[in-house]
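> Enclosed is the structure file my_file37.txt (compact mmCIF, C-alpha atoms and all ligand atoms).
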```txt
# COMPACT_ATOMS: atom_id res chain seq x y z
CA MET A 883 -115.48 -109.80 -84.75
CA THR A 884 -113.92 -112.91 -83.18
CA VAL A 885 -115.98 -116.08 -82.71
CA PRO A 886 -114.66 -118.95 -80.59
CA LEU A 887 -115.39 -122.48 -81.81
CA ARG A 888 -114.26 -125.97 -80.93
CA GLY A 889 -113.20 -128.45 -83.66
CA GLY A 890 -113.64 -132.20 -83.76
CA ASP A 891 -110.23 -132.60 -82.07
CA GLY A 892 -111.57 -130.67 -79.08
CA VAL A 893 -109.16 -127.79 -79.71
CA ARG A 894 -110.56 -124.28 -79.38
CA ARG A 895 -110.20 -122.16 -82.53
CA SER A 896 -111.46 -118.75 -83.48
CA VAL A 897 -112.76 -117.24 -86.70
CA ARG A 898 -112.10 -113.62 -87.57
CA ARG A 899 -113.09 -111.96 -90.81
CA GLY A 900 -113.70 -115.41 -92.27
CA ILE A 901 -110.22 -116.77 -91.46
CA ILE A 902 -109.80 -119.75 -89.18
CA ILE A 903 -106.98 -119.12 -86.73
CA GLU A 904 -105.19 -122.28 -85.64
CA PRO A 905 -104.14 -122.46 -81.98
CA ILE A 906 -100.49 -122.65 -81.04
CA ALA A 907 -99.41 -126.23 -80.44
CA ASP A 908 -96.45 -125.36 -78.20
CA PRO A 909 -97.64 -126.22 -74.67
CA SER A 910 -94.74 -124.34 -73.05
CA LEU A 911 -96.28 -121.03 -74.09
CA GLY A 912 -98.77 -119.35 -71.79
CA ASP A 913 -102.10 -117.82 -72.74
CA SER A 914 -100.85 -114.36 -73.62
CA ALA A 915 -98.13 -115.70 -75.95
CA ARG A 916 -100.66 -118.00 -77.63
CA LYS A 917 -103.16 -115.18 -78.04
CA ALA A 918 -100.53 -112.86 -79.45
CA ARG A 919 -99.41 -115.46 -81.95
CA MET A 920 -102.97 -116.29 -82.98
CA ALA A 921 -103.94 -112.66 -83.33
CA THR A 922 -101.07 -111.93 -85.67
CA ARG A 923 -101.78 -114.85 -88.00
CA LEU A 924 -103.96 -112.42 -89.95
CA ASN A 925 -101.00 -110.13 -90.43
CA PRO A 926 -102.25 -107.18 -92.53
CA VAL A 927 -100.95 -103.71 -91.75
CA ALA A 928 -104.14 -102.85 -89.84
CA GLU A 929 -103.69 -105.92 -87.67
CA ALA A 930 -100.11 -104.88 -86.91
CA ALA A 931 -101.36 -101.47 -85.81
CA ASP A 932 -103.84 -103.15 -83.43
CA ILE A 933 -101.08 -105.19 -81.89
CA LEU A 934 -98.12 -102.84 -81.87
CA GLY A 935 -99.75 -99.45 -81.45
CA GLU A 936 -98.24 -96.26 -82.77
CA PRO A 937 -94.55 -96.31 -81.81
CA LEU A 938 -93.26 -98.17 -84.86
CA GLN A 939 -95.17 -96.01 -87.34
CA GLY A 940 -92.74 -93.86 -89.29
CA ILE A 941 -89.79 -96.03 -88.23
CA LEU A 942 -90.39 -99.06 -90.40
CA PRO A 943 -92.24 -98.94 -93.74
CA PRO A 944 -95.79 -100.33 -93.23
CA VAL A 945 -95.08 -103.53 -95.15
CA GLU A 946 -91.99 -104.36 -93.06
CA TRP A 947 -93.81 -103.31 -89.94
CA ALA A 948 -96.68 -105.68 -90.64
CA ALA A 949 -94.27 -108.47 -91.52
CA CYS A 950 -92.55 -108.32 -88.13
CA ALA A 951 -95.71 -107.72 -86.06
CA ASP A 952 -96.17 -111.42 -85.33
CA GLU A 953 -92.66 -111.80 -83.90
CA ILE A 954 -92.82 -108.55 -81.93
CA ALA A 955 -96.17 -109.40 -80.34
CA ALA A 956 -94.95 -112.90 -79.43
CA ILE A 957 -91.75 -111.54 -77.89
CA ARG A 958 -93.64 -108.95 -75.85
CA ALA A 959 -95.92 -111.69 -74.51
CA LEU A 960 -92.97 -113.97 -73.74
CA LYS A 961 -91.26 -111.17 -71.84
CA ARG A 962 -94.26 -110.88 -69.55
CA GLU A 963 -94.48 -114.63 -69.01
CA ARG A 964 -90.77 -115.14 -68.37
CA ARG A 965 -90.38 -111.94 -66.32
CA ALA A 966 -87.74 -111.03 -68.87
CA LEU A 967 -86.19 -107.77 -70.00
CA ILE A 968 -84.32 -107.12 -73.23
CA LEU A 969 -81.21 -104.96 -73.35
CA ALA A 970 -80.43 -103.85 -76.89
CA HIS A 971 -77.21 -102.30 -78.12
CA ASN A 972 -77.41 -99.25 -80.37
CA TYR A 973 -76.40 -101.45 -83.33
CA MET A 974 -79.61 -103.48 -83.23
CA THR A 975 -81.97 -103.13 -86.17
CA PRO A 976 -85.01 -100.82 -85.65
CA ASP A 977 -87.48 -103.71 -85.31
CA ILE A 978 -85.53 -104.89 -82.24
CA TYR A 979 -84.49 -101.44 -81.00
CA PHE A 980 -87.97 -99.90 -81.13
CA GLY A 981 -90.12 -103.04 -81.15
CA VAL A 982 -88.99 -105.17 -78.21
CA ALA A 983 -86.09 -103.56 -76.29
CA ASP A 984 -86.57 -102.39 -72.69
CA VAL A 985 -83.20 -100.65 -72.37
CA THR A 986 -81.14 -99.36 -75.29
CA GLY A 987 -77.71 -97.79 -75.36
CA ASP A 988 -73.99 -98.29 -75.64
CA SER A 989 -71.94 -100.81 -73.67
CA LEU A 990 -71.57 -98.53 -70.66
CA THR A 991 -75.28 -97.68 -70.48
CA LEU A 992 -76.23 -101.34 -70.72
CA ALA A 993 -73.62 -102.42 -68.16
CA ARG A 994 -74.95 -99.83 -65.69
CA ALA A 995 -78.58 -100.72 -66.40
CA ALA A 996 -77.87 -104.43 -65.91
CA GLN A 997 -76.96 -103.80 -62.27
CA GLY A 998 -80.37 -102.52 -61.24
CA LEU A 999 -82.74 -104.68 -63.25
CA ASP A 1000 -85.68 -106.41 -61.65
CA ALA A 1001 -86.04 -109.41 -63.96
CA ALA A 1002 -85.67 -113.18 -63.73
CA VAL A 1003 -84.34 -113.35 -67.28
CA ILE A 1004 -82.23 -110.83 -69.17
CA VAL A 1005 -81.79 -111.09 -72.93
CA MET A 1006 -78.72 -109.26 -74.23
CA ALA A 1007 -79.45 -108.31 -77.83
CA GLY A 1008 -75.87 -107.63 -78.79
CA VAL A 1009 -72.77 -109.79 -78.86
CA TYR A 1010 -71.40 -112.45 -76.53
CA PHE A 1011 -68.97 -110.33 -74.50
CA MET A 1012 -71.85 -107.98 -73.66
CA ALA A 1013 -73.95 -110.88 -72.39
CA GLU A 1014 -71.00 -112.08 -70.32
CA THR A 1015 -70.68 -108.61 -68.78
CA VAL A 1016 -74.38 -108.67 -67.87
CA LYS A 1017 -73.93 -112.14 -66.33
CA ILE A 1018 -70.89 -111.00 -64.37
CA LEU A 1019 -72.96 -108.18 -62.85
CA ASN A 1020 -76.06 -110.37 -62.38
CA PRO A 1021 -74.73 -113.79 -61.34
CA GLY A 1022 -78.07 -114.97 -59.97
CA ARG A 1023 -80.08 -114.28 -63.10
CA THR A 1024 -80.56 -116.19 -66.33
CA VAL A 1025 -78.79 -114.22 -69.05
CA LEU A 1026 -79.52 -115.17 -72.63
CA VAL A 1027 -77.71 -114.22 -75.82
CA PRO A 1028 -79.85 -114.78 -78.93
CA ASP A 1029 -76.97 -116.31 -80.93
CA ARG A 1030 -73.98 -117.91 -79.19
CA GLU A 1031 -71.87 -117.29 -82.32
CA ALA A 1032 -72.29 -113.50 -82.10
CA GLY A 1033 -68.66 -112.72 -81.34
CA CYS A 1034 -66.53 -109.63 -81.92
CA SER A 1035 -63.23 -109.18 -83.76
CA LEU A 1036 -61.85 -107.17 -80.84
CA SER A 1037 -62.89 -109.67 -78.19
CA GLU A 1038 -61.41 -112.54 -80.17
CA SER A 1039 -58.09 -110.75 -80.78
CA ILE A 1040 -56.75 -111.36 -77.26
CA THR A 1041 -56.67 -114.11 -74.61
CA ALA A 1042 -56.07 -114.18 -70.87
CA GLY A 1043 -52.62 -115.67 -71.62
CA ASP A 1044 -51.81 -112.65 -73.81
CA VAL A 1045 -52.61 -110.31 -70.90
CA ARG A 1046 -50.34 -112.28 -68.57
CA GLU A 1047 -47.56 -112.06 -71.17
CA LEU A 1048 -48.07 -108.27 -71.48
CA ARG A 1049 -47.77 -107.96 -67.71
CA ARG A 1050 -44.57 -109.99 -67.78
CA ARG A 1051 -43.14 -107.68 -70.47
CA HIS A 1052 -44.26 -104.50 -68.65
CA PRO A 1053 -43.92 -105.24 -64.93
CA GLY A 1054 -45.90 -102.92 -62.67
CA VAL A 1055 -47.80 -101.25 -65.53
CA PRO A 1056 -51.58 -101.27 -64.89
CA VAL A 1057 -53.92 -102.87 -67.43
CA ALA A 1058 -57.07 -101.08 -68.62
CA THR A 1059 -59.22 -103.34 -70.76
CA TYR A 1060 -61.93 -102.32 -73.18
CA VAL A 1061 -65.28 -103.95 -72.35
CA ASN A 1062 -65.14 -105.61 -75.78
CA THR A 1063 -63.23 -108.57 -74.32
CA SER A 1064 -63.99 -111.96 -72.80
CA ALA A 1065 -64.63 -112.46 -69.06
CA GLU A 1066 -61.24 -114.24 -68.80
CA VAL A 1067 -59.42 -111.20 -70.22
CA LYS A 1068 -61.33 -108.84 -67.91
CA ALA A 1069 -60.41 -111.08 -64.97
CA GLU A 1070 -56.69 -110.60 -65.76
CA SER A 1071 -57.03 -106.80 -65.88
CA ASP A 1072 -57.05 -103.96 -63.33
CA ILE A 1073 -60.00 -102.01 -64.69
CA CYS A 1074 -62.39 -101.94 -67.64
CA CYS A 1075 -63.22 -99.04 -69.91
CA THR A 1076 -65.62 -98.21 -72.74
CA SER A 1077 -65.13 -95.95 -75.73
CA SER A 1078 -66.88 -93.17 -73.81
CA ASN A 1079 -64.65 -93.25 -70.72
CA ALA A 1080 -61.32 -94.71 -71.92
CA ARG A 1081 -59.29 -91.54 -71.39
CA ARG A 1082 -60.80 -90.95 -67.93
CA VAL A 1083 -60.10 -94.55 -66.92
CA VAL A 1084 -56.49 -94.36 -68.13
CA GLU A 1085 -55.86 -91.12 -66.23
CA SER A 1086 -57.62 -92.42 -63.10
CA LEU A 1087 -54.86 -95.01 -62.66
CA GLY A 1088 -52.31 -92.30 -61.81
CA ALA A 1089 -49.50 -94.11 -63.66
CA PRO A 1090 -47.10 -92.66 -66.25
CA ARG A 1091 -47.66 -95.68 -68.51
CA VAL A 1092 -50.83 -97.79 -68.97
CA ILE A 1093 -51.54 -100.92 -70.99
CA LEU A 1094 -54.78 -100.19 -72.88
CA ILE A 1095 -56.04 -103.25 -74.77
CA PRO A 1096 -57.07 -104.68 -77.17
CA ASP A 1097 -58.11 -101.97 -79.72
CA ARG A 1098 -55.06 -100.37 -81.28
CA TYR A 1099 -57.13 -97.54 -82.76
CA LEU A 1100 -58.99 -96.68 -79.57
CA ALA A 1101 -55.62 -96.73 -77.81
CA ALA A 1102 -54.08 -94.45 -80.46
CA ASN A 1103 -57.00 -92.03 -80.21
CA VAL A 1104 -56.70 -91.92 -76.41
CA ALA A 1105 -52.92 -91.47 -76.67
CA ARG A 1106 -53.50 -88.28 -78.70
CA GLU A 1107 -55.50 -86.79 -75.82
CA THR A 1108 -53.45 -87.72 -72.77
CA SER A 1109 -49.91 -87.40 -71.46
CA VAL A 1110 -50.03 -90.99 -70.19
CA GLU A 1111 -47.86 -93.30 -72.30
CA ILE A 1112 -50.04 -96.04 -73.82
CA VAL A 1113 -49.01 -99.62 -74.55
CA THR A 1114 -51.56 -101.46 -76.67
CA TRP A 1115 -52.40 -104.60 -78.67
CA PRO A 1116 -53.08 -105.08 -82.41
CA GLY A 1117 -56.83 -105.72 -82.08
CA ARG A 1118 -59.21 -103.98 -84.50
CA CYS A 1119 -62.94 -103.65 -85.02
CA VAL A 1120 -63.88 -105.03 -88.44
CA VAL A 1121 -66.57 -102.36 -88.79
CA HIS A 1122 -64.68 -99.21 -87.84
CA GLU A 1123 -61.26 -100.03 -89.28
CA ARG A 1124 -62.76 -99.84 -92.78
CA PHE A 1125 -63.55 -96.12 -92.76
CA ARG A 1126 -61.08 -93.97 -94.67
CA PRO A 1127 -60.26 -90.23 -94.56
CA GLU A 1128 -60.85 -90.00 -98.34
CA GLU A 1129 -64.47 -91.03 -97.71
CA ILE A 1130 -64.94 -88.10 -95.36
CA ARG A 1131 -63.36 -85.68 -97.82
CA ALA A 1132 -65.67 -86.94 -100.60
CA ILE A 1133 -68.72 -86.52 -98.33
CA ARG A 1134 -67.64 -82.98 -97.45
CA THR A 1135 -67.42 -82.14 -101.16
CA ASP A 1136 -71.03 -83.27 -101.71
CA HIS A 1137 -72.36 -82.12 -98.32
CA PRO A 1138 -70.21 -79.21 -97.09
CA GLU A 1139 -72.70 -78.53 -94.29
CA ALA A 1140 -72.48 -82.07 -92.87
CA HIS A 1141 -71.34 -82.70 -89.30
CA VAL A 1142 -69.07 -85.77 -89.36
CA LEU A 1143 -69.10 -87.88 -86.18
CA ALA A 1144 -66.59 -90.74 -85.85
CA HIS A 1145 -66.50 -93.60 -83.37
CA PRO A 1146 -63.15 -93.82 -81.49
CA GLU A 1147 -62.63 -97.36 -82.85
CA CYS A 1148 -61.98 -95.69 -86.25
CA PRO A 1149 -58.33 -95.19 -87.30
CA PRO A 1150 -56.80 -91.94 -85.92
CA GLU A 1151 -56.52 -90.39 -89.41
CA VAL A 1152 -60.31 -90.80 -89.75
CA VAL A 1153 -60.99 -89.34 -86.30
CA ALA A 1154 -58.68 -86.43 -87.20
CA GLU A 1155 -60.88 -85.59 -90.23
CA ALA A 1156 -64.11 -85.74 -88.20
CA ASP A 1157 -65.83 -82.87 -86.39
CA PHE A 1158 -66.47 -84.96 -83.30
CA SER A 1159 -65.45 -88.34 -81.93
CA GLY A 1160 -67.38 -90.25 -79.29
CA SER A 1161 -69.17 -93.42 -78.32
CA THR A 1162 -72.52 -94.29 -79.83
CA ALA A 1163 -74.22 -92.65 -76.83
CA ALA A 1164 -72.14 -89.51 -77.32
CA MET A 1165 -73.07 -89.42 -81.02
CA SER A 1166 -76.78 -89.66 -80.15
CA GLU A 1167 -76.41 -86.86 -77.62
CA TYR A 1168 -74.57 -84.71 -80.19
CA VAL A 1169 -77.44 -85.04 -82.69
CA ALA A 1170 -80.07 -84.39 -79.99
CA ARG A 1171 -78.24 -81.34 -78.67
CA ARG A 1172 -76.96 -79.74 -81.89
CA HIS A 1173 -79.73 -80.68 -84.38
CA PRO A 1174 -77.42 -80.44 -87.42
CA ASP A 1175 -79.13 -80.18 -90.83
CA THR A 1176 -76.97 -83.02 -92.13
CA VAL A 1177 -74.99 -85.56 -90.19
CA VAL A 1178 -72.69 -88.48 -90.93
CA LEU A 1179 -72.20 -91.19 -88.30
CA LEU A 1180 -69.05 -93.21 -89.01
CA THR A 1181 -70.14 -96.38 -87.28
CA GLU A 1182 -72.37 -99.43 -87.69
CA CYS A 1183 -75.33 -99.00 -90.07
CA SER A 1184 -78.21 -99.60 -87.65
CA MET A 1185 -76.99 -96.80 -85.42
CA SER A 1186 -77.87 -94.25 -88.12
CA ASP A 1187 -81.25 -95.93 -88.69
CA ASN A 1188 -82.13 -95.70 -84.99
CA VAL A 1189 -80.93 -92.13 -84.47
CA ALA A 1190 -82.60 -91.06 -87.73
CA ALA A 1191 -85.91 -92.49 -86.53
CA GLU A 1192 -85.69 -90.30 -83.43
CA HIS A 1193 -84.68 -87.20 -85.41
CA PRO A 1194 -86.69 -87.12 -88.65
CA GLU A 1195 -85.73 -83.46 -89.15
CA VAL A 1196 -82.04 -84.35 -89.59
CA HIS A 1197 -80.67 -85.60 -92.92
CA PHE A 1198 -78.36 -88.59 -92.51
CA VAL A 1199 -75.64 -89.41 -95.06
CA ARG A 1200 -74.82 -93.07 -94.53
CA PRO A 1201 -71.40 -94.43 -95.50
CA CYS A 1202 -71.91 -97.12 -92.86
CA ASN A 1203 -70.52 -100.64 -92.39
CA LEU A 1204 -72.49 -103.62 -91.09
CA CYS A 1205 -71.27 -105.64 -88.11
CA PRO A 1206 -71.75 -109.30 -89.05
CA TYR A 1207 -71.85 -110.31 -85.38
CA MET A 1208 -74.47 -107.79 -84.30
CA LYS A 1209 -76.63 -108.79 -87.24
CA MET A 1210 -76.92 -112.34 -85.87
CA ASN A 1211 -79.53 -110.85 -83.56
CA THR A 1212 -82.97 -111.05 -85.16
CA LEU A 1213 -86.52 -111.08 -83.87
CA ALA A 1214 -86.56 -114.82 -84.61
CA THR A 1215 -83.42 -115.57 -82.55
CA ILE A 1216 -84.65 -113.39 -79.68
CA ARG A 1217 -88.01 -115.14 -79.69
CA ARG A 1218 -86.36 -118.57 -79.77
CA ALA A 1219 -84.11 -117.63 -76.85
CA LEU A 1220 -87.13 -116.59 -74.79
CA GLU A 1221 -89.08 -119.70 -75.71
CA THR A 1222 -86.24 -122.13 -74.92
CA LEU A 1223 -84.30 -120.05 -72.34
CA ARG A 1224 -81.17 -120.84 -74.36
CA PRO A 1225 -78.36 -120.13 -75.08
CA ALA A 1226 -77.75 -119.13 -71.46
CA VAL A 1227 -74.44 -117.48 -70.58
CA ASP A 1228 -72.29 -119.21 -67.98
CA VAL A 1229 -69.14 -117.69 -66.46
CA PRO A 1230 -67.13 -119.75 -63.94
CA ASP A 1231 -67.47 -118.27 -60.43
CA GLU A 1232 -63.82 -117.37 -59.92
CA VAL A 1233 -63.51 -115.73 -63.36
CA ALA A 1234 -66.76 -113.85 -62.76
CA ARG A 1235 -65.59 -112.63 -59.34
CA ARG A 1236 -62.32 -111.23 -60.71
CA ALA A 1237 -63.94 -109.78 -63.85
CA ARG A 1238 -66.70 -108.15 -61.76
CA ARG A 1239 -64.06 -106.31 -59.75
CA THR A 1240 -62.70 -104.68 -62.93
CA VAL A 1241 -66.15 -103.72 -64.26
CA GLU A 1242 -67.28 -102.34 -60.88
CA ARG A 1243 -64.07 -100.35 -60.55
CA MET A 1244 -64.95 -98.67 -63.85
CA LEU A 1245 -68.59 -98.11 -62.88
CA ALA A 1246 -67.47 -96.49 -59.60
CA LEU A 1247 -65.50 -93.76 -61.43
S1 LIG B 1 -68.97 -103.33 -84.24
FE1 LIG B 1 -66.82 -103.95 -83.99
S2 LIG B 1 -66.47 -103.80 -81.79
FE2 LIG B 1 -68.71 -103.86 -82.09
S3 LIG B 1 -69.24 -106.04 -81.96
FE3 LIG B 1 -68.92 -105.59 -84.15
S4 LIG B 1 -66.77 -106.15 -84.46
FE4 LIG B 1 -67.04 -105.95 -82.25
```
Would you write the structure of this file as structure tokens?

Amino acid sequence: MTVPLRGGDGVRRSVRRGIIIEPIADPSLGDSARKARMATRLNPVAEAADILGEPLQGILPPVEWAACADEIAAIRALKRERRALILAHNYMTPDIYFGVADVTGDSLTLARAAQGLDAAVIVMAGVYFMAETVKILNPGRTVLVPDREAGCSLSESITAGDVRELRRRHPGVPVATYVNTSAEVKAESDICCTSSNARRVVESLGAPRVILIPDRYLAANVARETSVEIVTWPGRCVVHERFRPEEIRAIRTDHPEAHVLAHPECPPEVVAEADFSGSTAAMSEYVARRHPDTVVLLTECSMSDNVAAEHPEVHFVRPCNLCPYMKMNTLATIRRALETLRPAVDVPDEVARRARRTVERMLAL
């Protein structure tokens, strides 16, 4: 039972099960955010169930679930007050992915979703280049990235000047750029691609030779599947470059029944040992469609956690690697971004205009 009371300072408090719940001092928060924060001060597992409902049961252990209930309830309330939506990449941890996200998926899914969103504020729970892409497609909206330092080894491997130099060295050769790049690099390119459509994008250009940047491994994996000659760049993903074919062979010894799925940012010798290669969305679809007894996802760790939560009948072997940039996203940084509306992404108009052309050309395929 909750009993309202007013203290000597005139501030309204409430007492529940003998615990005095202090009001939130932050005047920028509206009633629903304050109520959510007050309600979760109690914080036992039962309280978390009241606030969060069923969906997180079975995904997070009860203790972890209760521990993050306060943040999740506050973020949900802030979303309503700010008219905000949260896009979450597949590499987000389950508390973000299942607790507060409105749209989840790979880069392509999120880029498409960003175009049709009805929201004043969009939070991109992912890395900076993803938030830039959302801003490029939604120039009139406030786009927040929970941590401005959430970069990407691929995005940082190449500059706009590097693209101009590549064009000078290969005159007339079209440039297809992976979405994992800055807005400036996209603006210098002819078209964007993702790991799920890279081959289709390359072949859509109708040229005998294409510059596909900046991931050397994605480029090498596409080159194996197409007759188009590929020129690339020595960029690498710090997560996927670490997988080795010996790892797969060792897993197959212990789990001969396992289906091994590799992300196309893995080295070609790893992809060659796998049963299937595809984007994170394609991996999810594979598990949903094939229901293997045992599966191995050669990608970022949280991806397996999220897919496993949706498919409890499937056994996951997890030789995963963490992305240090993706893991800068936490419930706390998302909540702070919604409270302060910072850090907001800003892309200069001319760069955004040219980059948008390359993203839209990809989306139109
Ligand atoms: S997983 Fe690799 S490609 Fe994705 S953000 Fe991290 S470093 Fe970049």
> Taking all atoms of ligand LIG 1 (chain B) that the file lists and extending 3 Å past them on each side, where is the centre of the axis-aligned box and how long are its edges? Answer in Å to one decimal, as AutoDock Vina command-line options.

```
--center_x -67.9 --center_y -104.7 --center_z -83.1 --size_x 8.8 --size_y 8.8 --size_z 8.7
```
> Which residues are close to A:His1193, i.e. within 9 Å by all atoms listed in the file, leaving aside same-chain residues fewer than 3 positions away? Reply as a list in words.
Val1169, Ala1170, His1173, Asn1188, Val1189, Ala1190, Val1196 and His1197 of chain A
> Counting all atoms listed in the file, what residues are within 7 Å of ligand LIG 1 (chain B), given as a list in words?
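Taking all atoms listed in the file into account, the residues around ligand LIG 1 (chain B) at most 7 Å away are Val1009, Gly1033, Cys1034, Ser1035, Leu1036, Ser1037, Asn1062, Cys1119, Val1120, Val1121, His1122, Glu1182, Cys1205, Pro1206, Tyr1207 and Met1208 of chain A.
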> For A:Pro1225, which residue among A:Ala1156, A:Leu967, A:Val1178, A:Val1005 is the nearest when counting all atoms listed in the file?
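Smallest separation from A:Pro1225 among the options: A:Val1005.
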> Please determine, counting all atoms listed in the file, which residue among A:Pro1146, A:Gly1117, A:Pro1230, A:Gly987 has the shortest atom-to-atom distance to A:Arg1081.
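Closest candidate: A:Pro1146.
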> Rank A:Leu942, A:Val1110, A:Arg1235, A:Phe1011 by their smallest atom-to-atom distance to A:Asp977, using only C-alpha atoms, and report the top residue only.
A:Leu942
> Mind listing as a list in words all residues within 12 Å of (-65.0, -116.5, -65.1), counting all atoms listed in the file?
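Output of the proximity query reads Phe1011, Glu1014, Thr1015, Lys1017, Ile1018, Leu1019, Pro1021, Ala1042, Ser1064, Ala1065, Glu1066, Val1067, Lys1068, Ala1069, Glu1070, Val1227, Asp1228, Val1229, Pro1230, Asp1231, Glu1232, Val1233, Ala1234, Arg1235, Arg1236, Ala1237, Arg1238 and Arg1239 of chain A.
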> Restricting the output to C-alpha atoms, write the selected residues as a PDB file, keeping the file's coordinate frame.

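The result, stored in part.pdb:
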```pdb
ATOM      1  CA  PHE A1011     -68.970-110.330 -74.500  1.00  0.00           C
ATOM      2  CA  GLU A1014     -71.000-112.080 -70.320  1.00  0.00           C
ATOM      3  CA  THR A1015     -70.680-108.610 -68.780  1.00  0.00           C
ATOM      4  CA  LYS A1017     -73.930-112.140 -66.330  1.00  0.00           C
ATOM      5  CA  ILE A1018     -70.890-111.000 -64.370  1.00  0.00           C
ATOM      6  CA  LEU A1019     -72.960-108.180 -62.850  1.00  0.00           C
ATOM      7  CA  PRO A1021     -74.730-113.790 -61.340  1.00  0.00           C
ATOM      8  CA  ALA A1042     -56.070-114.180 -70.870  1.00  0.00           C
ATOM      9  CA  SER A1064     -63.990-111.960 -72.800  1.00  0.00           C
ATOM     10  CA  ALA A1065     -64.630-112.460 -69.060  1.00  0.00           C
ATOM     11  CA  GLU A1066     -61.240-114.240 -68.800  1.00  0.00           C
ATOM     12  CA  VAL A1067     -59.420-111.200 -70.220  1.00  0.00           C
ATOM     13  CA  LYS A1068     -61.330-108.840 -67.910  1.00  0.00           C
ATOM     14  CA  ALA A1069     -60.410-111.080 -64.970  1.00  0.00           C
ATOM     15  CA  GLU A1070     -56.690-110.600 -65.760  1.00  0.00           C
ATOM     16  CA  VAL A1227     -74.440-117.480 -70.580  1.00  0.00           C
ATOM     17  CA  ASP A1228     -72.290-119.210 -67.980  1.00  0.00           C
ATOM     18  CA  VAL A1229     -69.140-117.690 -66.460  1.00  0.00           C
ATOM     19  CA  PRO A1230     -67.130-119.750 -63.940  1.00  0.00           C
ATOM     20  CA  ASP A1231     -67.470-118.270 -60.430  1.00  0.00           C
ATOM     21  CA  GLU A1232     -63.820-117.370 -59.920  1.00  0.00           C
ATOM     22  CA  VAL A1233     -63.510-115.730 -63.360  1.00  0.00           C
ATOM     23  CA  ALA A1234     -66.760-113.850 -62.760  1.00  0.00           C
ATOM     24  CA  ARG A1235     -65.590-112.630 -59.340  1.00  0.00           C
ATOM     25  CA  ARG A1236     -62.320-111.230 -60.710  1.00  0.00           C
ATOM     26  CA  ALA A1237     -63.940-109.780 -63.850  1.00  0.00           C
ATOM     27  CA  ARG A1238     -66.700-108.150 -61.760  1.00  0.00           C
ATOM     28  CA  ARG A1239     -64.060-106.310 -59.750  1.00  0.00           C
TER      29      ARG A1239
END
```
> Check the smallest atom-to-atom distance from each of A:Val1055, A:Met1006, A:Ala1032, A:Ala1144 to A:Asn972 using only C-alpha atoms, then report the winner.
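Nearest to A:Asn972: A:Met1006.
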> Let me make sure I understand: among A:Val1177, A:Leu1213, A:Ile1112, A:Ile968, which one has the smallest atom-to-atom distance to A:Glu953 if we use only C-alpha atoms?
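Nearest to A:Glu953: A:Leu1213.
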> Tell me which protein, DNA and RNA residues are within 10 Å of A:Ile1133, counting only C-alpha atoms, leaving out same-chain ones fewer than 6 positions away, and put them as a short mmCIF file (atom, residue, chain, number, x, y, z; two decimals) with C-alpha atoms, in the coordinates of the input.

```
data_model
loop_
_atom_site.label_atom_id
_atom_site.label_comp_id
_atom_site.auth_asym_id
_atom_site.auth_seq_id
_atom_site.Cartn_x
_atom_site.Cartn_y
_atom_site.Cartn_z
CA PRO A 1127 -60.26 -90.23 -94.56
CA GLU A 1139 -72.70 -78.53 -94.29
CA ALA A 1140 -72.48 -82.07 -92.87
CA VAL A 1142 -69.07 -85.77 -89.36
CA VAL A 1178 -72.69 -88.48 -90.93
CA VAL A 1199 -75.64 -89.41 -95.06
CA ARG A 1200 -74.82 -93.07 -94.53
CA PRO A 1201 -71.40 -94.43 -95.50
#
```
> Kindly extract all protein, DNA and RNA residues lying within 12 Å of the coordinates (-72.8, -87.6, -74.9) given in the file, considering only C-alpha atoms, and supply them as a PDB file with C-alpha atoms, in the coordinates of the input.

```pdb
ATOM      1  CA  GLY A 987     -77.710 -97.790 -75.360  1.00  0.00           C
ATOM      2  CA  ASP A 988     -73.990 -98.290 -75.640  1.00  0.00           C
ATOM      3  CA  LEU A 990     -71.570 -98.530 -70.660  1.00  0.00           C
ATOM      4  CA  THR A 991     -75.280 -97.680 -70.480  1.00  0.00           C
ATOM      5  CA  SER A1077     -65.130 -95.950 -75.730  1.00  0.00           C
ATOM      6  CA  SER A1078     -66.880 -93.170 -73.810  1.00  0.00           C
ATOM      7  CA  ASN A1079     -64.650 -93.250 -70.720  1.00  0.00           C
ATOM      8  CA  LEU A1143     -69.100 -87.880 -86.180  1.00  0.00           C
ATOM      9  CA  PHE A1158     -66.470 -84.960 -83.300  1.00  0.00           C
ATOM     10  CA  SER A1159     -65.450 -88.340 -81.930  1.00  0.00           C
ATOM     11  CA  GLY A1160     -67.380 -90.250 -79.290  1.00  0.00           C
ATOM     12  CA  SER A1161     -69.170 -93.420 -78.320  1.00  0.00           C
ATOM     13  CA  THR A1162     -72.520 -94.290 -79.830  1.00  0.00           C
ATOM     14  CA  ALA A1163     -74.220 -92.650 -76.830  1.00  0.00           C
ATOM     15  CA  ALA A1164     -72.140 -89.510 -77.320  1.00  0.00           C
ATOM     16  CA  MET A1165     -73.070 -89.420 -81.020  1.00  0.00           C
ATOM     17  CA  SER A1166     -76.780 -89.660 -80.150  1.00  0.00           C
ATOM     18  CA  GLU A1167     -76.410 -86.860 -77.620  1.00  0.00           C
ATOM     19  CA  TYR A1168     -74.570 -84.710 -80.190  1.00  0.00           C
ATOM     20  CA  VAL A1169     -77.440 -85.040 -82.690  1.00  0.00           C
ATOM     21  CA  ALA A1170     -80.070 -84.390 -79.990  1.00  0.00           C
ATOM     22  CA  ARG A1171     -78.240 -81.340 -78.670  1.00  0.00           C
ATOM     23  CA  ARG A1172     -76.960 -79.740 -81.890  1.00  0.00           C
TER      24      ARG A1172
END
```
> Restricting the calculation to only C-alpha atoms, which member of A:Ala1102, A:Ala948, A:Val1003, A:Leu1087 is positioned closest to A:Met1244?
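The answer is A:Leu1087, which sits nearest to A:Met1244.
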